[in-house]
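Participant: A single structure is presented below for examination.
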Amino acid sequence: MRTASRSARSSRAVIGDDPVLRSAYRLCRTRTRRQDPAEYALIQLVPAVLRPACWALWAAANAIDDLADDHTATAAERAARVDEWVTALDRELTTGTSTDPIRLALVDTASRWRLDLSGLRGAMRLVERDAHGRSFADWSTWSSWGRGNLLPWFDQIRDLFDRAGVPVTLRLDRQEVYEEFLDGVRLTDILTDLSADLAQGDLLLPGQALHQYPGSSDDLAHRRWSPAVADLITHLTDLARQWVAQPSLARGMHPGPATVLDAMAALLRTQLDAVDDAGPAVLHTPPRPPRATTARLLAPARARAVLAWSLTPLTVPPPRRDAEQCPPSAAVPTARRPAFRSPPPHPSGARPPHVPAEQMPTHVAVIMDGNGRWAQQRGLPRHEGHRAGAAATLDVVRGAVDIGLKHLTLYAFSTENRKRGTEETGAILDLLCRQTREFPDDLDIRMRWHGRVDGLPQDLVDVLNMRERNSRDCTGLTLTTCVNYGGRDEITRTAAALARRVRSGQLDPDLIGERDFARCLADPDMPDVDLLWRTGKEQRISNFLPWHTAYAELCFTGDLWPEVDRRHLWQAITEYTRRQRRHGAAEATGPVIEGGPRGTAEARLP
């Protein structure tokens with residue numbers, strides 16, 4: 001009773017005494033506990049001050065799903081109701097209040113914890129489209145749908161922990177593991193709700209899996225238990241177990257979130273056991289694990305969670321102020337897009353050249369070579385060259401924004417750079433950490449990073465992840481910094497990811513194509529490189545983005561990196577516009593480009 005009383009006091013300390021708001025959160029809590037006891041049990045493992053926000057997020061996601069799944073209405077009516085709900089939420093985020101209790105709790109959560117809910121719009125609109133029905137040809141399209149639905153909601157929970165002062169570090173080299181875990185969550189949910197979906201005429205399994213067991217699709221449609229259906233269910237539960245068994249995912253996390261994640265995986269495995277044990281009944285009734293089994297799993301998790309959170313100071317927002325003290329315009333500042341400024345002009349007054357949109361490269365990758373040599377030529381330690389190169393980097397980034405480039409990728413630290421002395425390596429990583437932390441946030445730049453986390457200082461990993469999360473809704477330049485990156489290592493890890501997909505039955509090895517390989521890259525959203533520019537006079541790509549640079553134009557310049565500024569980037573882009581991009585096609589008639597063979601010219605820059 002004392003624990004429950006403390007939880008109630010903690011919740012009241014966050015929510016305040018507004019009876020309408022307290023009633024809204026109470027409804028979210030009741031729906032969570034009634035509709036998904038396992039989810040409710042997991043939320044009980046987080047600190048009491050965070051639970052109301054978790055209830056609000058879960059209840060909102062479930063409310064939208066309920067609207068899309070209400071088969072008493074037509075598909076068009078269901079989609080319209082979801083649209084009405086989402087449109088109302090957008091409007092209410094600007095006013096700071098709502099007449100709908102679940103949206104009221106969600107709006108308050110966003111305001112109180114400074115959460116940016118814009119990332120949920122895609123997931124909500126996906127549910128709206130689901131109202132018209134869904135079918136999936138293969139595992140790839142199925143995964144894309146499931147991740148598009150789940151990832152944004154999980155990211156909100158991660159942001160919530162961040163706001164409370166408990167960063168949930170997701171290591172980029174484990175992105176695939178994270179997404180496979182979510183695939184396991186989605187598949188477990190589908191198998192659990194199979195009876196309800198079939199009753200409504202829905203079958204949310206990929207055709208690729210159904211075709212492996214001839215007749216299973218028709219048997220499921222008629223809710224007939226058959227050997228094909230039995231084998232299919234066994235295959236799918238085994239696959240889901242593989243996906244949720246990801247012990248490396250929580251490695252290195254704060255023990256509080258790690259405990260929640262471990263308990264979630266254990267509950268999912270227990271649920272899959274219940275699906276297997278149900279046999280033919282799985283087609284008619286949602287299977288549930290025995291309460292005693294669930295209790296045995298949760299008891300040690302609660303003890304670990306209590307210990308972890310008791311040692312963790314949390315950042316807790318004050319209770320919500322009255323409406324007259326908190327005007328609507330200030331209710332949810334994150335709902336409004338920040339005001340970005342143009343980069344400051346170059347000291348010379350130079351302006352970017354006009355490049356027609358059809359001639360502008362989409363993606364420029366840069367090997368920033370020559371920092372050490374620049375320092376040695378001046379009798380300085382090599383790390384002073386990297387310090388001078390940081391100023392050049394900032395100006396080049398500003399130049400990319402100036403000229404309207406969409407993607408700029410910088411080779412900041414390679415896996416081979418670790419062969420350098422400890423002093424220089426440490427200086428590079430310290431400088432990179434400071435440069436990332438102090439990077440101006442008034443430019444419309446989405447910041448990402450690419451590489452292995454192993455061996456990197458934790459403070460650098462944290463600031464890279466923080467910058468990536470905080471800028472994820474920017475729509476201007478996408479700036480990717482490659483840190484501890486090696487091209488062959490990326491190819492090797494991608495091949496391993498493909499092998500895992502083949503082993504799990506998601507891919508036929510005889511049908512693997514380039515798109516399958518690209519989907520398994522650590523950053524599958526990165527577009528191909530159009531222009532690879534290297535300074536410092538060397539003429540090689542040095543293990544940099546080998547997959548993405550297959551058809552890149554190459555530009556090598558003699559300037560050492562600290563001598564470079566935005567004008568050199570503009571000149572490299574201008575040189576690119578003179579190239580004939582054929583991609584293996586016959587040569588078109590046109591002017592001959594001076595400066596050397598196509599794709600290997602050394603541009604002479606000012």
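Identifiers in this document derive from the order of the structure tokens: chains are assigned A, B, ..., residues are numbered from 1 separately in each chain, and ligands are numbered from 1 in order of occurrence.
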Run DSSP on the backbone and give me the residues of range 327-526 of chain A it puts in helix (DSSP H, G or I), as a PyMOL selection string.

Facilitator: chain A and resi 328-330+333-335+357-359+371-377+382-403+415-419+422-437+458-470+487-503+509-511+514-519

Participant: Within 7 Å of range 527-536 of chain A, counting only C-alpha atoms, which residues qualify if same-chain residues fewer than 6 places away don't, as an MDAnalysis selection string?

Facilitator: chainID A and resid 361:370 548:549 552:561 576

Participant: As an exercise, work out the distance from CA of Asp155 in chain A to CA of Ile15 in chain A in Å and give it to one decimal place.

Facilitator: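 One can read the CA of Asp155 in chain A to CA of Ile15 in chain A distance as 22.4 Å.
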
Participant: Would you please work out which residue, of A:Ala110, A:Ala79, A:Ala305, A:Val502, is nearest to Val46 in chain A when using only C-alpha atoms?

Facilitator: A:Ala305

Participant: Using only C-alpha atoms, pick whichever of A:Ala123, A:Ala56, A:Val306, A:Ala48 has the shortest atom-to-atom distance to Trp153 in chain A.

Facilitator: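 Among A:Ala123, A:Ala56, A:Val306, A:Ala48, it is A:Ala123 that comes nearest to Trp153 in chain A.
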
Participant: Mind checking which residues fall within 10 Å of Arg519 in chain A, counting only C-alpha atoms, ignoring those fewer than 3 positions away in the same chain, and posting them as an MDAnalysis selection string?

Facilitator: chainID A and resid 140 494 497:498 514:516 522:525

Participant: Nearest to His71 in chain A: which of A:Ala88, A:Ala199, A:Cys474, A:Cys54 is it, counting only C-alpha atoms?

Facilitator: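 Going through A:Ala88, A:Ala199, A:Cys474, A:Cys54 one by one, the smallest distance to His71 in chain A is for A:Ala199.
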
Participant: Rank A:Asp83, A:Ala75, A:Pro227, A:Leu311 by their smallest atom-to-atom distance to Val166 in chain A, using only C-alpha atoms, and report the top residue only.

Facilitator: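 Among the listed residues, the smallest separation from Val166 in chain A belongs to A:Leu311.
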
Participant: Neighbouring residues of range 484-488 of chain A were defined as those with any atom within 10 Å, considering only C-alpha atoms; residues of the same chain fewer than 5 positions away were excluded. Please report them as a PyMOL selection string.

Facilitator: chain A and resi 411-418+429+449-456+493-494+541-548

Participant: Would you mind reading off the distance between CA of Glu358 in chain A and CA of Thr478 in chain A, one decimal, in Å?

Facilitator: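 Between CA of Glu358 in chain A and CA of Thr478 in chain A the gap works out to 19.0 Å.
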
Participant: Quick one, how far is CA of Ser23 in chain A from CA of Thr99 in chain A?

Facilitator: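 Separating CA of Ser23 in chain A from CA of Thr99 in chain A is a distance of 12.1 Å.
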
Participant: Would you mind listing, for every residue of range 248-303 of chain A within 10 Å of range 24-43 of chain A, the two atoms forming the shortest contact and the distance between them in Å to one decimal, using only C-alpha atoms, sorted by chain and ascending residue number, as a tab-separated table?

Facilitator:
```
residue	atom	partner	partner_atom	distance
A:Thr259	CA	A:Leu42	CA	9.5
A:Val260	CA	A:Leu42	CA	6.3
A:Leu261	CA	A:Leu42	CA	8.7
A:Ala263	CA	A:Leu42	CA	7.3
A:Met264	CA	A:Leu42	CA	6.8
A:Leu267	CA	A:Ala38	CA	7.3
A:Leu268	CA	A:Ala38	CA	9.0
A:Gln271	CA	A:Ala38	CA	9.5
A:Thr294	CA	A:Ala38	CA	8.5
A:Ala295	CA	A:Ala41	CA	9.7
A:Leu298	CA	A:Ala41	CA	7.9
A:Ala301	CA	A:Leu42	CA	9.3
A:Arg302	CA	A:Leu42	CA	9.3
```
